[in-house]
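Q: So here's data_17.txt (compact mmCIF, C-alpha atoms).
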```
# COMPACT_ATOMS: atom_id res chain seq x y z
CA MET W 1 -11.03 -38.09 5.89
CA THR W 2 -11.10 -41.41 7.59
CA ASP W 3 -9.83 -44.18 5.42
CA THR W 4 -10.77 -47.37 7.17
CA ALA W 5 -11.16 -49.62 4.13
CA PRO W 6 -9.26 -52.84 4.76
CA THR W 7 -6.50 -53.60 2.28
CA ALA W 8 -8.28 -56.76 1.12
CA GLU W 9 -11.06 -54.70 -0.46
CA LEU W 10 -8.91 -52.45 -2.59
CA PRO W 11 -10.71 -51.49 -5.80
CA ALA W 12 -9.20 -52.93 -8.96
CA GLN W 13 -9.71 -49.73 -10.88
CA VAL W 14 -10.99 -46.26 -10.20
CA ASP W 15 -12.69 -44.20 -12.86
CA LEU W 16 -10.86 -40.87 -12.78
CA ARG W 17 -13.58 -39.19 -14.77
CA ALA W 18 -16.26 -40.31 -12.31
CA GLU W 19 -14.11 -39.10 -9.42
CA PHE W 20 -13.68 -35.77 -11.17
CA ASP W 21 -17.42 -35.41 -11.73
CA SER W 22 -18.41 -36.48 -8.24
CA ALA W 23 -16.07 -33.95 -6.63
CA GLY W 24 -17.87 -31.18 -8.52
CA ILE W 25 -14.57 -29.64 -9.60
CA ALA W 26 -15.71 -29.56 -13.18
CA ASP W 27 -18.32 -26.99 -12.20
CA ILE W 28 -15.82 -24.83 -10.38
CA LEU W 29 -13.26 -24.97 -13.16
CA ALA W 30 -15.93 -24.17 -15.72
CA SER W 31 -17.20 -21.22 -13.70
CA LEU W 32 -13.60 -20.11 -13.28
CA ASP W 33 -13.28 -20.07 -17.08
CA ARG W 34 -16.63 -18.37 -17.49
CA GLU W 35 -16.43 -15.69 -14.83
CA LEU W 36 -12.73 -14.91 -14.70
CA VAL W 37 -11.47 -13.22 -17.82
CA GLY W 38 -7.89 -13.85 -18.90
CA LEU W 39 -5.51 -15.08 -16.17
CA VAL W 40 -4.41 -18.03 -18.29
CA PRO W 41 -1.32 -18.98 -16.23
CA VAL W 42 -3.41 -18.86 -13.07
CA LYS W 43 -6.11 -21.11 -14.48
CA THR W 44 -3.52 -23.56 -15.80
CA ARG W 45 -1.92 -23.73 -12.38
CA ILE W 46 -5.26 -24.27 -10.63
CA ARG W 47 -6.05 -27.03 -13.10
CA GLU W 48 -2.70 -28.67 -12.32
CA ILE W 49 -3.23 -28.41 -8.59
CA SER W 50 -6.75 -29.84 -8.92
CA SER W 51 -5.48 -32.82 -10.90
CA LEU W 52 -2.71 -33.41 -8.37
CA LEU W 53 -5.21 -33.37 -5.54
CA LEU W 54 -7.62 -35.61 -7.43
CA VAL W 55 -4.89 -38.15 -8.17
CA GLU W 56 -3.80 -37.93 -4.54
CA LYS W 57 -7.37 -38.69 -3.48
CA VAL W 58 -7.54 -41.70 -5.80
CA ARG W 59 -4.14 -42.93 -4.59
CA LYS W 60 -5.58 -42.94 -1.12
CA LYS W 61 -8.23 -45.41 -2.26
CA PHE W 62 -5.44 -47.73 -3.33
CA ALA W 63 -3.79 -47.23 0.05
CA LEU W 64 -0.88 -45.53 -1.72
CA SER W 65 -1.25 -42.55 0.54
CA SER W 66 1.80 -40.43 1.05
CA GLU W 67 2.42 -37.35 3.13
CA PRO W 68 -0.34 -34.79 2.73
CA PRO W 69 0.80 -32.44 -0.05
CA THR W 70 1.92 -28.95 0.91
CA LEU W 71 -0.72 -26.61 -0.42
CA HIS W 72 0.42 -23.23 0.87
CA MET W 73 0.49 -20.74 -1.97
CA SER W 74 1.65 -17.26 -2.80
CA PHE W 75 -0.25 -15.06 -5.22
CA THR W 76 1.75 -12.22 -6.69
CA GLY W 77 0.54 -9.60 -9.10
CA ASN W 78 -0.37 -5.97 -9.57
CA PRO W 79 -3.39 -4.45 -7.83
CA GLY W 80 -6.77 -5.47 -9.21
CA THR W 81 -5.63 -8.64 -10.96
CA GLY W 82 -8.07 -10.89 -9.09
CA LYS W 83 -5.93 -12.37 -6.32
CA THR W 84 -8.66 -12.28 -3.67
CA THR W 85 -11.30 -13.57 -6.07
CA VAL W 86 -9.14 -16.54 -6.99
CA ALA W 87 -8.32 -17.21 -3.33
CA LEU W 88 -12.03 -17.54 -2.61
CA ARG W 89 -12.39 -20.04 -5.45
CA MET W 90 -9.32 -21.88 -4.21
CA ALA W 91 -10.97 -22.43 -0.83
CA ASP W 92 -13.94 -23.90 -2.64
CA ILE W 93 -11.83 -26.19 -4.83
CA LEU W 94 -9.76 -27.47 -1.90
CA HIS W 95 -12.93 -28.11 0.07
CA LYS W 96 -14.60 -30.06 -2.73
CA LEU W 97 -11.49 -32.20 -3.06
CA GLY W 98 -11.51 -32.82 0.65
CA PHE W 99 -8.16 -31.22 1.42
CA VAL W 100 -9.59 -28.62 3.75
CA ARG W 101 -12.44 -29.70 5.95
CA ARG W 102 -14.70 -26.62 6.06
CA GLY W 103 -13.75 -24.56 3.02
CA HIS W 104 -14.10 -21.09 4.52
CA LEU W 105 -11.73 -18.23 3.77
CA VAL W 106 -10.35 -15.99 6.50
CA SER W 107 -8.92 -12.87 4.92
CA VAL W 108 -6.48 -10.87 7.05
CA THR W 109 -3.83 -8.17 6.79
CA ARG W 110 -0.93 -7.21 9.04
CA ASP W 111 -3.22 -5.42 11.51
CA ASP W 112 -5.09 -8.64 12.31
CA LEU W 113 -1.91 -10.60 13.06
CA VAL W 114 0.55 -8.21 14.63
CA GLY W 115 -0.04 -6.64 18.03
CA GLN W 116 0.88 -3.24 19.36
CA TYR W 117 2.85 -4.12 22.46
CA ILE W 118 4.95 -6.93 23.89
CA GLY W 119 2.94 -10.10 24.41
CA HIS W 120 0.07 -8.94 22.23
CA THR W 121 1.14 -10.51 18.96
CA ALA W 122 1.19 -14.21 19.83
CA PRO W 123 -2.41 -14.44 21.12
CA LYS W 124 -3.62 -12.31 18.23
CA THR W 125 -1.93 -14.44 15.58
CA LYS W 126 -3.03 -17.66 17.26
CA GLU W 127 -6.61 -16.46 17.44
CA ILE W 128 -6.66 -15.83 13.69
CA LEU W 129 -5.00 -19.17 13.02
CA LYS W 130 -7.59 -20.96 15.15
CA LYS W 131 -10.37 -19.27 13.21
CA ALA W 132 -8.78 -20.28 9.92
CA MET W 133 -8.32 -23.94 10.90
CA GLY W 134 -10.15 -26.23 8.50
CA GLY W 135 -10.13 -23.56 5.82
CA VAL W 136 -7.91 -21.14 3.99
CA LEU W 137 -6.03 -18.24 5.59
CA PHE W 138 -5.54 -15.45 3.07
CA ILE W 139 -2.92 -12.89 4.08
CA ASP W 140 -3.24 -9.85 1.88
CA GLU W 141 -0.16 -7.65 1.39
CA ALA W 142 1.88 -10.16 3.32
CA TYR W 143 5.15 -8.26 2.91
CA TYR W 144 3.96 -5.75 5.53
CA LEU W 145 4.47 -8.51 8.10
CA TYR W 146 8.20 -8.01 7.88
CA ARG W 147 9.60 -4.56 8.53
CA PRO W 148 13.38 -4.72 8.41
CA GLU W 149 13.76 -1.01 9.20
CA ASN W 150 12.42 -1.52 12.73
CA GLU W 151 14.29 -4.22 14.60
CA ARG W 152 11.78 -4.19 17.46
CA ASP W 153 8.87 -4.77 15.12
CA TYR W 154 6.50 -7.51 16.29
CA GLY W 155 5.92 -8.78 12.74
CA GLN W 156 8.78 -11.23 13.11
CA GLU W 157 6.97 -12.90 16.02
CA ALA W 158 3.83 -13.34 13.90
CA ILE W 159 5.94 -14.80 11.09
CA GLU W 160 7.50 -17.35 13.42
CA ILE W 161 4.12 -18.53 14.71
CA LEU W 162 2.77 -18.68 11.17
CA LEU W 163 5.69 -20.78 9.98
CA GLN W 164 5.33 -23.18 12.88
CA VAL W 165 1.62 -23.73 12.26
CA MET W 166 2.11 -23.96 8.48
CA GLU W 167 4.52 -26.81 9.10
CA ASN W 168 2.78 -28.67 11.93
CA HIS W 169 -0.85 -28.29 10.85
CA ARG W 170 -0.45 -28.88 7.14
CA GLU W 171 -3.60 -31.00 6.99
CA ASP W 172 -5.63 -28.44 8.97
CA LEU W 173 -5.17 -25.24 7.04
CA VAL W 174 -3.85 -23.76 3.83
CA VAL W 175 -2.13 -20.38 3.91
CA ILE W 176 -2.23 -18.12 0.86
CA LEU W 177 0.03 -15.06 0.83
CA ALA W 178 -0.73 -12.29 -1.60
CA GLY W 179 0.97 -9.10 -2.62
CA TYR W 180 2.71 -7.12 -5.33
CA ALA W 181 5.40 -9.10 -7.08
CA ASP W 182 8.51 -6.99 -6.36
CA ARG W 183 7.78 -6.50 -2.68
CA MET W 184 6.87 -10.15 -2.19
CA ASP W 185 10.22 -11.11 -3.73
CA LYS W 186 11.97 -8.94 -1.17
CA PHE W 187 9.82 -10.45 1.59
CA PHE W 188 10.72 -14.00 0.57
CA ALA W 189 14.37 -13.09 0.23
CA SER W 190 14.50 -11.96 3.85
CA ASN W 191 12.35 -14.88 5.08
CA PRO W 192 13.73 -17.96 3.35
CA GLY W 193 11.65 -20.14 5.67
CA PHE W 194 8.52 -18.87 4.00
CA ARG W 195 9.74 -19.45 0.48
CA SER W 196 10.55 -23.11 1.12
CA ARG W 197 7.26 -23.80 2.89
CA ILE W 198 5.20 -22.52 0.00
CA ALA W 199 4.76 -25.03 -2.77
CA HIS W 200 2.89 -22.96 -5.31
CA HIS W 201 4.02 -19.55 -6.42
CA ILE W 202 1.41 -18.19 -8.80
CA ASP W 203 1.93 -14.97 -10.72
CA PHE W 204 -1.09 -12.94 -11.81
CA PRO W 205 -0.46 -11.12 -15.11
CA ASP W 206 -1.92 -7.71 -15.94
CA TYR W 207 -5.08 -7.66 -18.03
CA SER W 208 -4.94 -6.61 -21.67
CA ASP W 209 -7.24 -3.83 -22.88
CA ALA W 210 -9.58 -6.32 -24.55
CA GLU W 211 -9.83 -8.34 -21.33
CA LEU W 212 -10.61 -5.24 -19.32
CA LEU W 213 -13.41 -4.39 -21.73
CA LYS W 214 -14.83 -7.87 -21.31
CA ILE W 215 -14.59 -7.50 -17.52
CA ALA W 216 -16.44 -4.19 -17.76
CA GLU W 217 -19.23 -5.83 -19.71
CA ILE W 218 -19.53 -8.68 -17.23
CA LEU W 219 -19.57 -6.24 -14.30
CA LEU W 220 -22.31 -4.20 -15.96
CA ALA W 221 -24.35 -7.27 -16.87
CA GLN W 222 -24.23 -8.38 -13.23
CA GLN W 223 -25.89 -5.10 -12.29
CA ASN W 224 -28.36 -5.21 -15.18
CA TYR W 225 -26.75 -2.47 -17.23
CA HIS W 226 -25.44 -2.55 -20.77
CA LEU W 227 -23.30 -0.32 -22.95
CA SER W 228 -24.60 1.41 -26.06
CA PRO W 229 -22.31 0.82 -29.11
CA ALA W 230 -20.99 4.38 -28.84
CA ALA W 231 -20.31 3.94 -25.11
CA ARG W 232 -18.42 0.76 -25.90
CA GLY W 233 -16.15 2.71 -28.20
CA ALA W 234 -15.72 5.38 -25.55
CA LEU W 235 -14.78 2.75 -22.97
CA VAL W 236 -12.08 1.35 -25.28
CA THR W 237 -10.51 4.83 -25.46
CA TYR W 238 -10.97 5.24 -21.71
CA ILE W 239 -9.17 2.00 -20.86
CA ALA W 240 -6.21 2.90 -23.07
CA ALA W 241 -6.01 6.39 -21.49
CA ARG W 242 -6.45 5.14 -17.94
CA ARG W 243 -3.60 2.68 -18.31
CA GLN W 244 -1.18 5.57 -18.95
CA GLN W 245 -2.11 7.27 -15.69
CA PRO W 246 -0.60 6.57 -12.28
CA HIS W 247 -2.29 4.24 -9.78
CA PHE W 248 -3.77 2.06 -12.48
CA ALA W 249 -5.32 -0.93 -10.68
CA ASN W 250 -6.55 -3.14 -13.52
CA ALA W 251 -10.08 -4.45 -12.90
CA ARG W 252 -10.49 -2.30 -9.80
CA SER W 253 -9.96 0.90 -11.80
CA ILE W 254 -12.52 -0.30 -14.31
CA ARG W 255 -15.04 -1.02 -11.58
CA ASN W 256 -14.57 2.45 -10.14
CA ALA W 257 -14.92 4.01 -13.58
CA LEU W 258 -18.16 2.13 -14.13
CA ASP W 259 -19.48 3.25 -10.76
CA ARG W 260 -18.83 6.84 -11.76
CA ALA W 261 -20.42 6.27 -15.16
CA ARG W 262 -23.55 4.99 -13.42
CA LEU W 263 -23.58 8.14 -11.34
CA ARG W 264 -23.41 10.32 -14.45
CA GLN W 265 -26.06 8.22 -16.17
CA ALA W 266 -28.43 8.70 -13.24
CA ASN W 267 -27.75 12.40 -13.27
CA ARG W 268 -28.34 12.63 -17.03
CA ILE W 269 -31.67 10.79 -16.82
CA PHE W 270 -32.73 12.93 -13.92
CA ASP W 271 -31.86 16.19 -15.69
CA ALA W 272 -33.69 15.12 -18.84
CA GLY W 273 -36.84 14.73 -16.75
CA GLY W 274 -40.09 13.24 -18.04
CA ALA W 275 -40.95 9.56 -18.31
CA VAL W 276 -38.21 6.94 -18.51
CA GLY W 277 -38.37 3.41 -19.88
CA ILE W 278 -36.46 0.28 -18.93
CA ASP W 279 -34.08 0.82 -21.84
CA ALA W 280 -33.04 4.30 -20.76
CA LEU W 281 -32.56 3.11 -17.21
CA SER W 282 -30.24 0.26 -18.14
CA THR W 283 -28.15 1.80 -20.94
CA ILE W 284 -24.86 3.56 -20.33
CA GLU W 285 -24.36 6.10 -23.11
CA ALA W 286 -21.11 7.47 -24.52
CA PRO W 287 -21.34 10.88 -22.74
CA ASP W 288 -21.47 9.06 -19.37
CA ILE W 289 -18.00 7.72 -20.03
CA LEU W 290 -16.58 10.58 -22.09
CA ALA W 291 -17.19 13.01 -19.22
CA SER W 292 -14.50 11.22 -17.22
CA ARG W 293 -11.60 13.27 -15.92
CA VAL W 294 -9.19 10.74 -17.43
CA LEU W 295 -10.36 11.42 -20.97
CA GLN W 296 -10.70 15.18 -20.43
CA GLU W 297 -7.06 15.40 -19.38
CA ALA W 298 -5.92 13.10 -22.17
CA THR W 299 -7.45 15.34 -24.83
CA LYS W 300 -6.18 18.49 -23.13
CA GLY W 301 -2.59 17.34 -22.92
CA MET V 1 -10.68 -41.91 43.54
CA ARG V 2 -11.76 -40.88 40.08
CA ILE V 3 -13.54 -37.55 39.91
CA THR V 4 -16.87 -37.67 38.12
CA GLN V 5 -17.92 -34.19 37.09
CA GLY V 6 -19.65 -33.05 33.91
CA CYS V 7 -20.61 -35.15 30.92
CA PHE V 8 -19.10 -38.53 30.07
CA SER V 9 -17.41 -38.78 33.46
CA PHE V 10 -18.56 -42.33 34.11
CA LEU V 11 -17.03 -43.41 30.79
CA PRO V 12 -13.34 -44.05 30.26
CA ASP V 13 -11.48 -40.83 29.43
CA LEU V 14 -12.26 -39.65 25.92
CA THR V 15 -9.49 -40.02 23.36
CA ASP V 16 -8.34 -36.93 21.46
CA GLU V 17 -10.26 -38.13 18.44
CA GLN V 18 -13.45 -38.38 20.49
CA ILE V 19 -12.85 -34.96 22.02
CA THR V 20 -12.36 -33.53 18.50
CA LYS V 21 -15.75 -34.87 17.46
CA GLN V 22 -17.46 -33.42 20.53
CA VAL V 23 -15.80 -30.07 19.90
CA GLN V 24 -16.89 -30.13 16.27
CA TYR V 25 -20.45 -30.74 17.45
CA CYS V 26 -20.19 -27.71 19.74
CA LEU V 27 -18.79 -25.50 16.98
CA GLU V 28 -21.49 -26.56 14.56
CA ASN V 29 -24.02 -25.41 17.15
CA LYS V 30 -22.16 -22.08 17.37
CA TRP V 31 -21.14 -22.60 20.97
CA ALA V 32 -17.94 -20.97 22.22
CA VAL V 33 -15.52 -23.52 23.63
CA ASN V 34 -13.14 -22.70 26.46
CA PHE V 35 -10.80 -24.52 28.84
CA GLU V 36 -10.52 -24.18 32.60
CA THR V 37 -8.01 -25.71 34.99
CA THR V 38 -7.85 -26.35 38.71
CA ASP V 39 -5.99 -28.35 41.32
CA ASP V 40 -8.88 -28.16 43.80
CA PRO V 41 -11.45 -30.58 42.43
CA HIS V 42 -14.08 -30.23 45.20
CA PRO V 43 -17.51 -30.50 43.53
CA ARG V 44 -18.57 -27.16 45.02
CA ASN V 45 -15.51 -25.38 43.68
CA THR V 46 -17.01 -23.69 40.65
CA TYR V 47 -14.18 -21.19 40.30
CA TRP V 48 -11.73 -22.88 37.98
CA ASP V 49 -9.02 -20.82 36.26
CA LEU V 50 -9.81 -19.84 32.69
CA TRP V 51 -7.18 -20.82 30.12
CA GLY V 52 -6.88 -18.08 27.51
CA LEU V 53 -10.17 -16.75 26.26
CA PRO V 54 -13.35 -18.51 25.17
CA MET V 55 -13.01 -19.29 21.48
CA PHE V 56 -15.78 -17.69 19.46
CA ASP V 57 -16.20 -17.86 15.66
CA LEU V 58 -14.18 -21.01 15.09
CA LYS V 59 -15.15 -23.31 12.23
CA ASP V 60 -13.02 -26.36 12.83
CA ALA V 61 -12.08 -28.36 15.91
CA ALA V 62 -8.38 -28.37 15.00
CA GLY V 63 -8.02 -24.85 16.41
CA VAL V 64 -9.50 -25.92 19.75
CA MET V 65 -7.32 -29.02 19.87
CA MET V 66 -4.24 -26.87 19.28
CA GLU V 67 -5.23 -24.81 22.33
CA LEU V 68 -5.90 -27.97 24.38
CA ALA V 69 -2.40 -29.22 23.60
CA ALA V 70 -0.96 -25.90 24.80
CA CYS V 71 -3.12 -26.01 27.94
CA ARG V 72 -2.06 -29.57 28.77
CA LYS V 73 1.57 -28.63 28.31
CA ALA V 74 1.25 -25.75 30.76
CA ASN V 75 -1.06 -27.48 33.28
CA GLY V 76 0.23 -31.04 33.16
CA GLY V 77 -0.84 -32.43 36.52
CA LYS V 78 -4.07 -30.49 36.91
CA TYR V 79 -7.70 -31.05 36.08
CA ILE V 80 -8.71 -29.54 32.74
CA ARG V 81 -12.33 -29.03 31.86
CA LEU V 82 -13.85 -28.10 28.51
CA SER V 83 -17.00 -26.00 28.53
CA ALA V 84 -19.15 -25.01 25.59
CA PHE V 85 -21.05 -21.77 26.03
CA ASP V 86 -24.19 -20.97 24.07
CA SER V 87 -24.36 -17.21 23.66
CA SER V 88 -27.71 -17.18 21.85
CA HIS V 89 -30.41 -15.00 23.33
CA GLY V 90 -32.42 -16.70 26.03
CA TRP V 91 -29.78 -19.36 26.73
CA GLU V 92 -26.55 -17.54 27.56
CA SER V 93 -25.29 -20.49 29.51
CA VAL V 94 -22.99 -23.48 29.37
CA LYS V 95 -24.50 -26.26 27.27
CA LEU V 96 -21.83 -28.94 27.56
CA SER V 97 -18.95 -29.46 29.95
CA PHE V 98 -16.62 -32.38 30.48
CA ILE V 99 -13.19 -33.18 31.86
CA VAL V 100 -10.41 -33.50 29.27
CA GLY V 101 -7.41 -33.79 31.54
CA ARG V 102 -6.77 -35.14 35.02
CA PRO V 103 -3.76 -35.88 37.25
CA ALA V 104 -2.05 -39.24 36.95
CA SER V 105 -3.16 -40.23 40.43
CA GLU V 106 -6.21 -38.72 42.04
CA ASP V 107 -6.14 -38.49 45.81
CA GLY V 108 -9.88 -38.51 46.41
CA PHE V 109 -11.83 -37.10 49.32
CA MET V 110 -11.93 -37.54 53.06
CA LEU V 111 -15.26 -37.75 54.83
CA VAL V 112 -15.19 -35.41 57.85
CA ARG V 113 -17.67 -35.95 60.72
CA GLN V 114 -18.34 -33.08 63.03
CA GLU V 115 -20.12 -33.76 66.32
CA ALA V 116 -22.64 -31.03 66.96
CA GLY V 117 -25.07 -30.32 69.77
CA GLY V 118 -27.09 -33.27 71.04
CA ARG V 119 -26.06 -36.44 69.23
CA LYS V 120 -26.13 -34.65 65.89
CA LEU V 121 -23.45 -35.35 63.25
CA ARG V 122 -22.52 -33.00 60.44
CA TYR V 123 -20.81 -34.47 57.40
CA THR V 124 -18.55 -32.79 54.94
CA THR V 125 -15.96 -33.84 52.36
CA ARG V 126 -12.47 -32.49 51.95
CA SER V 127 -10.04 -33.19 49.14
CA TYR V 128 -6.78 -34.80 50.31
CA ALA V 129 -5.03 -32.76 47.64
CA THR V 130 -5.89 -29.53 49.45
CA ASP V 131 -3.62 -30.54 52.38
CA LYS V 132 -0.88 -28.93 50.34
CA PRO V 133 -0.92 -25.30 49.26
CA GLU V 134 -2.08 -24.36 45.80
CA GLY V 135 0.46 -25.08 43.10
CA GLN V 136 2.09 -27.96 45.01
CA ARG V 137 -0.73 -30.47 44.59
CA TYR V 138 -0.64 -33.52 42.30
CA LYS V 139 3.12 -33.39 41.86
```
If you took the structure in this file and wrote it as structure tokens, what would it be?
A:
Amino acid sequence: MTDTAPTAELPAQVDLRAEFDSAGIADILASLDRELVGLVPVKTRIREISSLLLVEKVRKKFALSSEPPTLHMSFTGNPGTGKTTVALRMADILHKLGFVRRGHLVSVTRDDLVGQYIGHTAPKTKEILKKAMGGVLFIDEAYYLYRPENERDYGQEAIEILLQVMENHREDLVVILAGYADRMDKFFASNPGFRSRIAHHIDFPDYSDAELLKIAEILLAQQNYHLSPAARGALVTYIAARRQQPHFANARSIRNALDRARLRQANRIFDAGGAVGIDALSTIEAPDILASRVLQEATKG
Amino acid sequence: MRITQGCFSFLPDLTDEQITKQVQYCLENKWAVNFETTDDPHPRNTYWDLWGLPMFDLKDAAGVMMELAACRKANGGKYIRLSAFDSSHGWESVKLSFIVGRPASEDGFMLVRQEAGGRKLRYTTRSYATDKPEGQRYK
């Protein structure tokens, strides 16, 4: 982003709409709406951030440039609520707006940042940071970085390096921390430096049953499957029953359930034998879903 | 006497902005960039000390520049050279190399004449800096 335009040639007016279209954000936001079900607060926040960045970009044309905005974010929410998916989109949006230069996403966890012995952590963390420069660094389950129960834990060292780079290289990389809400709160409470360096705290809500059904249909359509009307009804019951069980991981649970349903469908077709048509191959029937352990136990109990 | 080794050495020293652009060019070609330092700048001294590790899989020059800043801080008065290594099959060699840091004053070289049998003369060069032991040069 080199802005060498002399002050004498400042434009009188800038068409915001044209700027918006030329950045290609409209496409991303539309695809966000199309492909990501629910997540209204998240989408609103992304819209807000995009407009802020767009206005910032236009201000630059008028030589009104200020400090580069802090774009580090934290995504909190239950498992399977789409944090990683949104982070990928975020990298794309920031790249199109010109706030990160390359627009790639480096996704890491504690293991990639923290070393196993003295002197191992700093080079490891720096290596990851160097790879993430010009893009987005996504730290999944960030609260694992800090382990208060072990005072000799090397996580603290990684945190210090991260904080330093987040502050000094604000224009070079954007850090996104993700994790479950309650544990992230604890993490921020014990690392106040992190909280203040992160401008955008975005909370990912759980999906409703209707949203999960829609997600299931999108997932199946992507793999060229569809549900028979009876299977659709079965899936509605399944989602309600699955939610009551432990380790419910929103969209991830649904994806796993669908994978198992495909397995049963394949088995059913195979057992039936004979010739199969395209319709039989791409339809998930009610028995494929009703055979699930979740529903069996629900009816038993 | 100004040392001229590697690319761009007959030009004025590159600014950080120019180095960034060169590095970006290297990264876009998927070359691994690394830094080496020495305080013995004889042209036949190919064994410079490696700073850190060669940086593979980087996307943006900012990461390399961060490492250069750290290297300069630690090796202030020494020569620093940037090399870009192409690991692709069939090449596996350094594609670009230039000096990105040098001492404030460079001592230059002495021409040594050795009288050999007959009226023969043998010539060699010797860096004035190497009068002092390693680590005490260019202070």
Q: Within 12 Å of Leu227 of chain W, counting all atoms listed in the file, which residues qualify if same-chain residues fewer than 4 places away don't, as number ranges by chain?
A: W: 213-214, 216-221, 223, 231-236, 258, 261-262, 265, 279-289
Q: List every protein, DNA or RNA residue that has at least one atom no more than 8 Å from (3.0, -22.0, -8.5) in the file's coordinates, counting all atoms listed in the file, and write the result as a PyMOL selection string.
A: chain W and resi 45+73-74+199-203
Q: Could you please tell me, as JSON, numbers by chain, which residues of chain V have an atom within 6 Å of chain W when using only C-alpha atoms?
A: {"V": [58, 60, 63]}
Q: Write the residues of the selection above to a file with C-alpha atoms, as a short mmCIF file (atom, residue, chain, number, x, y, z; two decimals), in the frame of the given file.
A:
```cif
data_model
loop_
_atom_site.label_atom_id
_atom_site.label_comp_id
_atom_site.auth_asym_id
_atom_site.auth_seq_id
_atom_site.Cartn_x
_atom_site.Cartn_y
_atom_site.Cartn_z
CA LEU V 58 -14.18 -21.01 15.09
CA ASP V 60 -13.02 -26.36 12.83
CA GLY V 63 -8.02 -24.85 16.41
#
```
Q: Could you give me, as a count of residues only, the residues that have an atom at most 10 Å away from the point (-6.5, -27.9, 23.4) in the coordinates of the file, using all atoms listed in the file?
A: 22
Q: Do you have the atom CA of Val58 of chain W-atom CA of Val174 of chain W distance handy?
A: 20.7 Å
Q: Here is a test: counting only C-alpha atoms, which residue of V:Asn75, V:Ser97, V:Ser88, V:Asn45 is nearest to Thr130 of chain V?
A: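 Among the listed residues, V:Asn45 lies closest to Thr130 of chain V.
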Q: Could you tell me which of W:Ile239, W:Leu97, W:Ala142, W:Ala251 comes closest to Leu36 of chain W if we count only C-alpha atoms?
A: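 Closest candidate: W:Ala251.
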